[in-house]
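As stored in work.txt (compact mmCIF, C-alpha atoms and all ligand atoms):
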# COMPACT_ATOMS: atom_id res chain seq x y z
CA MET T 1 -35.32 -22.22 -27.10
CA LYS T 2 -35.66 -18.53 -26.18
CA ILE T 3 -33.71 -18.03 -22.97
CA SER T 4 -33.37 -15.06 -20.66
CA PHE T 5 -31.88 -14.37 -17.24
CA PRO T 6 -31.86 -11.65 -14.56
CA ARG T 7 -29.73 -8.61 -15.28
CA MET T 8 -27.16 -7.43 -12.76
CA GLY T 9 -24.58 -4.81 -13.67
CA ASN T 10 -22.84 -5.69 -16.94
CA SER T 11 -22.83 -9.46 -16.51
CA HIS T 12 -25.48 -9.84 -19.24
CA ILE T 13 -22.69 -9.26 -21.78
CA ALA T 14 -21.02 -12.54 -20.77
CA PHE T 15 -24.23 -14.54 -20.19
CA LYS T 16 -25.61 -13.44 -23.55
CA MET T 17 -22.52 -14.85 -25.26
CA LEU T 18 -22.73 -18.15 -23.38
CA ILE T 19 -26.38 -18.80 -24.24
CA ASN T 20 -25.82 -17.82 -27.86
CA ASN T 21 -22.83 -20.15 -28.11
CA LEU T 22 -24.94 -22.96 -26.68
CA GLY T 23 -27.19 -22.55 -29.72
CA HIS T 24 -30.19 -20.83 -28.14
CA GLU T 25 -31.86 -17.54 -28.88
CA VAL T 26 -31.10 -15.01 -26.14
CA ILE T 27 -33.68 -12.57 -24.91
CA VAL T 28 -31.40 -9.93 -23.42
CA PRO T 29 -33.11 -8.40 -20.38
CA PRO T 30 -33.48 -4.62 -20.64
CA ALA T 31 -31.68 -2.56 -17.99
CA PRO T 32 -33.96 -2.42 -14.93
CA SER T 33 -36.05 0.75 -14.80
CA LYS T 34 -38.87 2.31 -12.81
CA GLN T 35 -41.25 0.40 -15.06
CA THR T 36 -39.48 -2.91 -14.25
CA LEU T 37 -39.75 -2.20 -10.54
CA ASP T 38 -43.43 -1.16 -10.75
CA LEU T 39 -44.22 -4.35 -12.63
CA GLY T 40 -42.31 -6.43 -10.09
CA VAL T 41 -43.90 -4.72 -7.10
CA ARG T 42 -47.38 -5.32 -8.56
CA HIS T 43 -46.80 -9.07 -8.79
CA SER T 44 -44.62 -9.78 -5.73
CA PRO T 45 -45.48 -10.35 -2.08
CA GLU T 46 -45.21 -7.05 -0.21
CA PHE T 47 -42.61 -8.45 2.23
CA ALA T 48 -40.26 -9.64 -0.52
CA CYS T 49 -36.89 -7.88 -0.73
CA ILE T 50 -36.25 -5.47 -3.61
CA PRO T 51 -34.01 -7.81 -5.68
CA PHE T 52 -36.94 -10.27 -5.78
CA LYS T 53 -39.24 -7.53 -7.07
CA ILE T 54 -36.84 -6.24 -9.73
CA LEU T 55 -36.23 -9.82 -10.93
CA MET T 56 -39.98 -10.39 -11.07
CA GLY T 57 -40.36 -7.27 -13.23
CA THR T 58 -37.46 -8.35 -15.46
CA TYR T 59 -38.97 -11.82 -15.97
CA LEU T 60 -42.29 -10.30 -16.98
CA GLU T 61 -40.59 -7.89 -19.39
CA THR T 62 -38.57 -10.65 -21.06
CA ILE T 63 -41.58 -12.98 -21.20
CA ALA T 64 -43.35 -10.22 -23.14
CA MET T 65 -40.31 -10.27 -25.48
CA GLY T 66 -40.77 -14.03 -26.00
CA ALA T 67 -38.62 -15.70 -23.33
CA GLU T 68 -39.56 -19.34 -22.69
CA MET T 69 -36.98 -20.04 -20.00
CA GLN T 70 -35.31 -17.97 -17.29
CA ILE T 71 -31.97 -19.13 -15.95
CA THR T 72 -31.03 -17.82 -12.53
CA SER T 73 -28.66 -18.60 -9.70
CA GLY T 74 -29.68 -20.26 -6.45
CA GLY T 75 -28.64 -19.58 -2.90
CA VAL T 76 -27.31 -21.44 0.08
CA GLY T 77 -27.53 -20.64 3.75
CA PRO T 78 -30.32 -19.29 5.91
CA CYS T 79 -31.76 -16.65 3.60
CA ARG T 80 -34.77 -16.18 1.35
CA ALA T 81 -32.64 -16.28 -1.81
CA GLY T 82 -32.98 -20.08 -1.81
CA TYR T 83 -36.75 -19.74 -2.35
CA TYR T 84 -36.63 -17.08 -5.05
CA GLY T 85 -36.72 -19.52 -7.97
CA VAL T 86 -39.66 -21.58 -6.67
CA LEU T 87 -41.67 -18.51 -5.77
CA HIS T 88 -40.99 -16.72 -9.07
CA GLN T 89 -41.98 -19.90 -10.92
CA LYS T 90 -45.25 -20.18 -9.00
CA ILE T 91 -46.21 -16.52 -9.47
CA LEU T 92 -45.40 -16.61 -13.18
CA ASN T 93 -47.48 -19.78 -13.64
CA ASP T 94 -50.35 -18.26 -11.65
CA LEU T 95 -50.22 -15.27 -14.00
CA GLY T 96 -50.72 -17.72 -16.86
CA HIS T 97 -47.15 -17.78 -18.24
CA ASP T 98 -45.90 -21.14 -19.41
CA VAL T 99 -42.25 -20.41 -18.65
CA LYS T 100 -39.58 -22.42 -16.86
CA VAL T 101 -37.43 -20.83 -14.17
CA MET T 102 -34.24 -22.90 -14.03
CA VAL T 103 -32.22 -22.40 -10.86
CA ILE T 104 -28.51 -23.17 -11.14
CA GLU T 105 -27.51 -24.21 -7.63
CA PRO T 106 -23.90 -24.39 -6.44
CA PRO T 107 -22.55 -27.95 -6.90
CA ARG T 108 -21.99 -28.36 -3.15
CA LYS T 109 -25.74 -27.97 -2.66
CA ASP T 110 -26.97 -30.18 -5.50
CA LYS T 111 -24.39 -31.75 -7.83
CA TYR T 112 -26.86 -33.95 -9.65
CA GLY T 113 -29.34 -31.07 -10.07
CA LEU T 114 -26.62 -28.95 -11.65
CA PHE T 115 -25.69 -31.73 -14.06
CA LYS T 116 -29.36 -32.27 -14.97
CA ASN T 117 -29.94 -28.56 -15.60
CA ILE T 118 -26.92 -28.23 -17.86
CA ARG T 119 -28.03 -31.31 -19.79
CA THR T 120 -31.50 -29.78 -20.25
CA VAL T 121 -29.90 -26.73 -21.86
CA ILE T 122 -27.31 -28.43 -24.07
CA LYS T 123 -29.27 -31.51 -25.22
CA PRO T 124 -31.75 -29.82 -27.59
CA THR T 125 -28.93 -28.06 -29.49
CA ARG T 126 -26.67 -31.17 -29.45
CA ILE T 127 -23.80 -29.38 -27.76
CA GLY T 128 -21.39 -31.94 -26.29
CA TRP T 129 -19.88 -31.64 -22.80
CA ARG T 130 -16.48 -30.73 -24.23
CA ALA T 131 -17.92 -27.89 -26.30
CA PHE T 132 -20.01 -26.78 -23.31
CA TRP T 133 -16.89 -26.58 -21.18
CA HIS T 134 -15.12 -24.55 -23.84
CA HIS T 135 -18.02 -22.06 -24.16
CA LEU T 136 -18.27 -21.80 -20.39
CA LYS T 137 -14.57 -20.98 -20.14
CA THR T 138 -14.86 -18.32 -22.85
CA ALA T 139 -17.83 -16.67 -21.11
CA TRP T 140 -15.94 -16.82 -17.81
CA LYS T 141 -13.00 -14.94 -19.37
CA LYS T 142 -15.43 -12.28 -20.55
CA LEU T 143 -17.00 -11.99 -17.10
CA VAL T 144 -13.59 -11.61 -15.44
CA ALA T 145 -12.56 -8.98 -18.04
CA LEU T 146 -15.81 -7.05 -17.46
CA ASP T 147 -15.16 -6.96 -13.72
CA GLU T 148 -11.54 -5.93 -14.18
CA ILE T 149 -12.50 -3.06 -16.47
CA GLU T 150 -15.12 -1.92 -13.97
CA ARG T 151 -12.57 -1.98 -11.12
CA ILE T 152 -10.33 0.34 -13.14
CA LEU T 153 -13.31 2.62 -13.84
CA HIS T 154 -13.84 3.07 -10.09
CA ARG T 155 -10.15 3.76 -9.46
CA VAL T 156 -9.77 6.34 -12.25
CA ARG T 157 -13.08 8.24 -12.27
CA PRO T 158 -12.66 10.33 -9.09
CA TYR T 159 -9.41 11.79 -10.49
CA GLU T 160 -10.59 12.67 -14.01
CA LEU T 161 -9.94 16.21 -15.22
CA VAL T 162 -12.93 16.36 -17.53
CA SER T 163 -16.16 15.17 -15.98
CA GLY T 164 -17.68 12.20 -17.84
CA GLU T 165 -14.50 11.23 -19.73
CA THR T 166 -13.90 7.97 -17.80
CA THR T 167 -17.52 6.85 -18.17
CA LYS T 168 -17.35 7.57 -21.91
CA ASN T 169 -14.22 5.41 -22.30
CA TYR T 170 -15.70 2.73 -20.07
CA LYS T 171 -18.71 2.46 -22.38
CA LYS T 172 -16.34 2.07 -25.35
CA ALA T 173 -14.50 -0.69 -23.48
CA LEU T 174 -17.79 -2.46 -22.77
CA ARG T 175 -18.73 -2.32 -26.45
CA MET T 176 -15.38 -3.86 -27.41
CA LEU T 177 -15.82 -6.67 -24.90
CA ASP T 178 -19.37 -7.23 -26.10
CA GLU T 179 -18.15 -7.65 -29.67
CA ALA T 180 -15.29 -10.03 -28.77
CA ARG T 181 -16.20 -13.54 -29.99
CA ASN T 182 -13.43 -15.79 -28.70
CA GLN T 183 -10.80 -15.91 -25.97
CA GLU T 184 -8.14 -14.13 -28.05
CA GLU T 185 -10.52 -11.29 -28.93
CA ILE T 186 -11.61 -11.02 -25.29
CA ALA T 187 -7.98 -10.75 -24.14
CA ALA T 188 -7.29 -8.07 -26.78
CA ALA T 189 -10.46 -6.11 -25.91
CA ARG T 190 -9.51 -6.23 -22.22
CA VAL T 191 -6.04 -4.82 -22.91
CA GLU T 192 -7.46 -2.09 -25.15
CA GLY T 193 -10.19 -1.27 -22.61
CA GLU T 194 -7.63 -0.96 -19.81
CA ARG T 195 -5.50 1.27 -22.04
CA LEU T 196 -8.49 3.53 -22.77
CA LEU T 197 -9.34 3.92 -19.08
CA ARG T 198 -5.77 4.44 -17.92
CA GLY T 199 -5.36 7.02 -20.70
CA VAL T 200 -8.06 9.32 -19.29
CA PRO T 201 -6.44 12.66 -18.33
CA CYS T 202 -6.34 12.71 -14.53
CA ASP T 203 -4.91 14.63 -11.61
CA PHE T 204 -3.69 11.90 -9.26
CA SER T 205 -2.33 14.46 -6.80
CA LYS T 206 -5.90 15.47 -5.97
CA PRO T 207 -6.97 14.37 -2.45
CA VAL T 208 -9.66 11.73 -2.70
CA LEU T 209 -11.47 9.73 -0.01
CA LYS T 210 -11.39 5.95 -0.07
CA VAL T 211 -14.85 4.58 0.70
CA GLY T 212 -15.69 0.86 0.97
CA LEU T 213 -19.02 -0.48 -0.26
CA ILE T 214 -20.34 -3.61 1.41
CA GLY T 215 -23.73 -5.29 1.54
CA GLU T 216 -26.08 -7.49 -0.45
CA ILE T 217 -24.82 -8.49 -3.89
CA TYR T 218 -27.75 -7.38 -6.06
CA VAL T 219 -28.13 -3.86 -4.71
CA LEU T 220 -24.37 -3.45 -4.62
CA ILE T 221 -23.81 -4.43 -8.25
CA GLU T 222 -26.90 -3.19 -10.09
CA PRO T 223 -26.70 0.61 -10.53
CA PHE T 224 -30.47 0.96 -10.90
CA ALA T 225 -30.95 -0.59 -7.46
CA ASN T 226 -28.33 1.59 -5.74
CA TYR T 227 -28.98 4.85 -7.62
CA ASP T 228 -25.56 4.60 -9.25
CA ILE T 229 -23.82 5.08 -5.94
CA GLU T 230 -20.34 4.57 -7.41
CA ALA T 231 -20.71 7.40 -9.93
CA THR T 232 -22.26 9.65 -7.27
CA LEU T 233 -19.39 9.04 -4.85
CA ALA T 234 -16.82 9.68 -7.59
CA SER T 235 -18.50 13.01 -8.37
CA MET T 236 -18.12 13.91 -4.67
CA GLY T 237 -14.39 13.20 -4.68
CA ALA T 238 -14.56 9.71 -3.19
CA GLU T 239 -13.13 6.52 -4.67
CA PRO T 240 -15.57 3.64 -4.13
CA ARG T 241 -14.15 0.17 -3.48
CA ARG T 242 -16.86 -2.41 -3.85
CA SER T 243 -16.44 -5.65 -1.91
CA ILE T 244 -18.27 -7.93 -4.39
CA TYR T 245 -17.93 -8.50 -8.12
CA ILE T 246 -19.84 -11.20 -9.97
CA SER T 247 -16.75 -13.18 -11.00
CA GLY T 248 -15.50 -13.24 -7.40
CA TYR T 249 -18.91 -14.22 -6.09
CA THR T 250 -19.29 -16.99 -8.70
CA LYS T 251 -15.85 -18.40 -7.92
CA ASP T 252 -16.53 -18.34 -4.22
CA SER T 253 -20.04 -19.84 -4.42
CA TYR T 254 -19.68 -22.31 -7.27
CA VAL T 255 -16.02 -23.33 -7.33
CA SER T 256 -13.92 -22.73 -4.27
CA HIS T 257 -16.22 -22.10 -1.36
CA GLY T 258 -13.79 -21.66 1.49
CA VAL T 259 -12.76 -19.52 4.41
CA HIS T 260 -11.30 -16.48 2.68
CA ASP T 261 -9.69 -13.46 4.32
CA ALA T 262 -12.93 -11.54 4.93
CA ARG T 263 -14.52 -14.49 6.72
CA LYS T 264 -11.45 -14.90 8.92
CA ALA T 265 -11.46 -11.17 9.68
CA ALA T 266 -15.13 -11.33 10.72
CA VAL T 267 -14.56 -13.97 13.43
CA PRO T 268 -14.18 -11.64 16.48
CA TYR T 269 -17.61 -10.17 15.64
CA LEU T 270 -19.46 -12.96 13.83
CA ASN T 271 -18.38 -16.52 13.32
CA GLN T 272 -21.19 -18.25 11.49
CA LEU T 273 -23.03 -18.02 8.20
CA ILE T 274 -26.16 -15.89 8.48
CA GLY T 275 -27.14 -16.07 4.81
CA GLY T 276 -26.62 -13.68 1.92
CA HIS T 277 -23.32 -11.86 2.27
CA GLY T 278 -23.68 -11.12 5.96
CA LEU T 279 -20.46 -12.71 7.11
CA ASP T 280 -18.48 -11.12 4.27
CA SER T 281 -19.98 -7.69 4.98
CA VAL T 282 -18.65 -7.77 8.55
CA GLY T 283 -15.25 -9.15 7.53
CA GLU T 284 -14.83 -6.71 4.64
CA THR T 285 -15.51 -3.79 7.01
CA VAL T 286 -12.75 -5.04 9.32
CA LEU T 287 -10.33 -5.40 6.39
CA MET T 288 -11.24 -1.96 5.04
CA ALA T 289 -10.59 -0.38 8.46
CA GLU T 290 -7.24 -2.16 8.66
CA ASN T 291 -6.35 -0.95 5.18
CA GLY T 292 -6.85 2.73 5.96
CA PHE T 293 -10.23 3.34 4.31
CA ASP T 294 -11.87 6.63 5.28
CA GLY T 295 -15.31 5.08 5.71
CA VAL T 296 -17.64 2.24 4.78
CA ILE T 297 -21.16 2.29 3.36
CA GLN T 298 -23.43 -0.71 3.78
CA VAL T 299 -25.98 -0.96 0.97
CA ALA T 300 -28.82 -3.40 1.58
CA PRO T 301 -32.40 -4.14 0.61
CA PHE T 302 -34.92 -3.05 3.22
CA SER T 303 -35.96 -6.17 5.22
CA CYS T 304 -32.86 -8.14 4.19
CA ILE T 305 -32.38 -10.36 7.25
CA PRO T 306 -28.60 -11.02 6.92
CA GLU T 307 -27.84 -7.32 6.42
CA ILE T 308 -30.07 -6.33 9.37
CA VAL T 309 -27.92 -8.60 11.54
CA VAL T 310 -24.79 -6.99 10.03
CA LYS T 311 -26.14 -3.51 10.76
CA SER T 312 -26.49 -4.43 14.44
CA ILE T 313 -22.83 -5.58 14.55
CA LEU T 314 -21.25 -2.73 12.59
CA PRO T 315 -21.39 -0.08 15.37
CA ARG T 316 -19.02 -2.27 17.43
CA VAL T 317 -16.65 -2.74 14.50
CA SER T 318 -16.81 0.98 13.85
CA SER T 319 -15.96 1.98 17.42
CA ASP T 320 -13.28 -0.74 17.90
CA LEU T 321 -11.48 0.09 14.67
CA GLY T 322 -12.30 3.79 14.38
CA ILE T 323 -13.99 3.69 10.99
CA PRO T 324 -17.24 5.57 10.24
CA VAL T 325 -19.97 3.33 8.83
CA MET T 326 -23.28 4.32 7.26
CA THR T 327 -26.15 2.05 6.20
CA LEU T 328 -28.44 2.68 3.25
CA PHE T 329 -31.51 0.45 3.21
CA ILE T 330 -33.21 0.43 -0.16
CA ASP T 331 -36.77 -0.38 -1.17
CA GLU T 332 -39.29 0.78 -3.74
CA GLN T 333 -40.05 3.90 -1.68
CA THR T 334 -36.43 5.07 -1.69
CA GLY T 335 -35.72 8.23 -3.70
CA LYS T 336 -32.54 9.44 -5.38
CA ALA T 337 -32.63 12.80 -3.57
CA GLY T 338 -32.65 11.07 -0.17
CA ILE T 339 -29.67 8.89 -1.08
CA GLN T 340 -27.78 11.90 -2.49
CA THR T 341 -28.33 13.94 0.69
CA ARG T 342 -27.16 11.13 2.96
CA LEU T 343 -24.09 10.52 0.82
CA GLU T 344 -23.20 14.23 0.86
CA ALA T 345 -23.49 14.35 4.66
CA PHE T 346 -21.37 11.19 5.05
CA VAL T 347 -18.69 12.41 2.66
CA ASP T 348 -18.59 15.75 4.54
CA LEU T 349 -18.07 13.90 7.80
CA LEU T 350 -15.24 11.84 6.29
CA TRP T 351 -13.49 15.01 5.03
CA GLN T 352 -13.71 16.57 8.48
CA ARG T 353 -12.13 13.48 10.06
CA ARG T 354 -9.42 13.37 7.39
CA ARG T 355 -8.56 17.07 7.95
CA LYS T 356 -8.47 16.61 11.71
CA ARG T 357 -6.16 13.62 11.36
CA GLU T 358 -3.88 15.51 9.00
CA ALA T 359 -3.79 18.54 11.31
CA LYS T 360 -2.83 16.30 14.23
CA SER T 361 -0.01 14.66 12.29
CA VAL T 362 1.45 18.11 11.46
CA VAL T 363 1.50 19.21 15.14
S1 LIG G 1 -29.63 -11.64 1.01
FE1 LIG G 1 -31.22 -10.27 1.72
S2 LIG G 1 -32.02 -9.35 -0.12
FE2 LIG G 1 -30.91 -11.16 -0.76
S3 LIG G 1 -32.47 -12.75 -0.76
FE3 LIG G 1 -31.52 -12.81 1.23
S4 LIG G 1 -32.87 -11.56 2.50
FE4 LIG G 1 -33.33 -11.06 0.38

Reformat the file's structure so that it appears as structure tokens.
Amino acid sequence: MKISFPRMGNSHIAFKMLINNLGHEVIVPPAPSKQTLDLGVRHSPEFACIPFKILMGTYLETIAMGAEMQITSGGVGPCRAGYYGVLHQKILNDLGHDVKVMVIEPPRKDKYGLFKNIRTVIKPTRIGWRAFWHHLKTAWKKLVALDEIERILHRVRPYELVSGETTKNYKKALRMLDEARNQEEIAAARVEGERLLRGVPCDFSKPVLKVGLIGEIYVLIEPFANYDIEATLASMGAEPRRSIYISGYTKDSYVSHGVHDARKAAVPYLNQLIGGHGLDSVGETVLMAENGFDGVIQVAPFSCIPEIVVKSILPRVSSDLGIPVMTLFIDEQTGKAGIQTRLEAFVDLLWQRRRKREAKSVV
């Protein structure tokens, strides 16, 4: 079977390996582009949030490349994400595409459905459950390594002496991880990737702002959707700390759904699930304020209900805990220049506050 999936950040490197190991042909989704978005916008309801539209465009692009099945994740809680799969399936069928959209739901939502979906994928290639488990574990290690390498990229890049050096080494590290075929090779590639990134010539005495990034998972992780906000911030002398990585999200949603620190921290402001990453966005802002961050940027799709609720709560968190917060809502009308200008203004404001604070502590 020819299988594809939505692309988000660098996770396709791990998912590609998993599907290949399960004996299927992978149609690797191309990095989302203006063309992907235009295609998605043309075939999506106008009110749909931007991740829906980019996914729609990606499905159509990979169908044109031969994909017969799309595997995607589901969603729990009061948010539209739970309907994505059904709606994508219906639109694709209405457009005349005989393709299956398989939604992998968290086991707590539908244990039997999860089992049935996995069986549908492994049965045709006669992969046993033991082998499936082994391949899943290997892909998981790759996903965790990809996230770890990316975390180091964000820490190192604002301090680099030669512009572009960290990104160049990061790309090398990604290639090594992509080529790793088993758990030993993944572990070795991760060590070598970390060594490459930590070896970038840097000036760690340089003053740098610490800026938290919170919001909806897709626009936070996919650089096309957020106009590469992490690289832009680094070029402005700010170290971005993103609140969500795919491995953390997967663990939280599919394995150990529990009350983690961010959800506990959110309680004085919000104490119930509102869908998406709303609760986490509030809690992460509290934790970032408590951990001395200079500011927080909320990145969210325009019309994203959970993040609209979060936006209405954040001014209180900001004034209680003394942390500046800015919201960037993103849709297909958003332009890079607008984002750049707002980021510059926010970073300027954070520098002014930092200088004032430092001046006060000298007096
Ligand atoms: S979290 Fe927001 S963007 Fe994501 S599906 Fe829900 S409403 Fe849409």

Problem - Close residues, T:Trp129 itself excluded, 12 Å, all atoms listed in the file, min 6 positions apart in chain, as a list in words - result: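 Selected residues are Leu22, Phe115, Ile118, Arg119, Val121, Ile122, Lys123, His135 and Leu136 of chain T.
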
Please write out, as AutoDock Vina command-line options, where the centre of an axis-aligned box around all listed atoms of stretch 271-280 of chain T lies and how long its edges are, in Å to one decimal, after adding 4 Å on each side.
--center_x -22.8 --center_y -14.7 --center_z 7.6 --size_x 16.8 --size_y 15.1 --size_z 19.4

Problem - Residue contacts of stretch 349-357 of chain T (9 Å, only C-alpha atoms) excluding same-chain residues fewer than 6 positions away, as a ChimeraX atom specification - result: /T:209,294-295,324

Exercise for the section: Find the residues near ligand LIG 1 (chain G). Use a cut-off of 9 Å, count only C-alpha atoms and all ligand atoms, and write them as number ranges by chain. Expected result: T: 48-52, 75, 78-84, 215-219, 275-278, 300-308

Exercise for the section: Tell me which of T:Gly74, T:Pro32, T:Gly283, T:Gly128 sits closest to T:Phe224, counting only C-alpha atoms. Expected result: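 Of all the options, T:Pro32 lies closest to T:Phe224.
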
Any chance you could tabulate, as JSON lines, the residues of stretch 73-111 of chain T at most 10 Å from stretch 5-9 of chain T with each one's nearest atom pair and distance in Å to one decimal, using only C-alpha atoms, in chain and rising number order?
{"residue": "T:Ser73", "atom": "CA", "partner": "T:Pro6", "partner_atom": "CA", "distance": 9.1}
{"residue": "T:Val101", "atom": "CA", "partner": "T:Phe5", "partner_atom": "CA", "distance": 9.1}
{"residue": "T:Met102", "atom": "CA", "partner": "T:Phe5", "partner_atom": "CA", "distance": 9.4}

Exercise for the section: Give me, please, the distance in Å between atom CA of T:Glu230 and atom CA of T:His154, quoted to one decimal. Expected result: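 Rounded to one decimal, the two atoms are 7.2 Å apart.
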
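Across the structure, atom CA of T:Asn182 and atom CA of T:Thr120 are spaced 24.4 Å apart.
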
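Interatomic distance, atom CA of T:Val296 to atom CA of T:Ile323: 7.3 Å.
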
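Residue nearest T:Glu105 within the list T:Asn10, T:Phe346, T:Asn271, T:Thr250: T:Thr250 [criterion: smallest interatomic distance, only C-alpha atoms].
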
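Using all atoms listed in the file, the shortest contact distance between T:Leu197 and any of T:Ile104, T:Val162, T:Val156, T:Ile214 is found at T:Val156.
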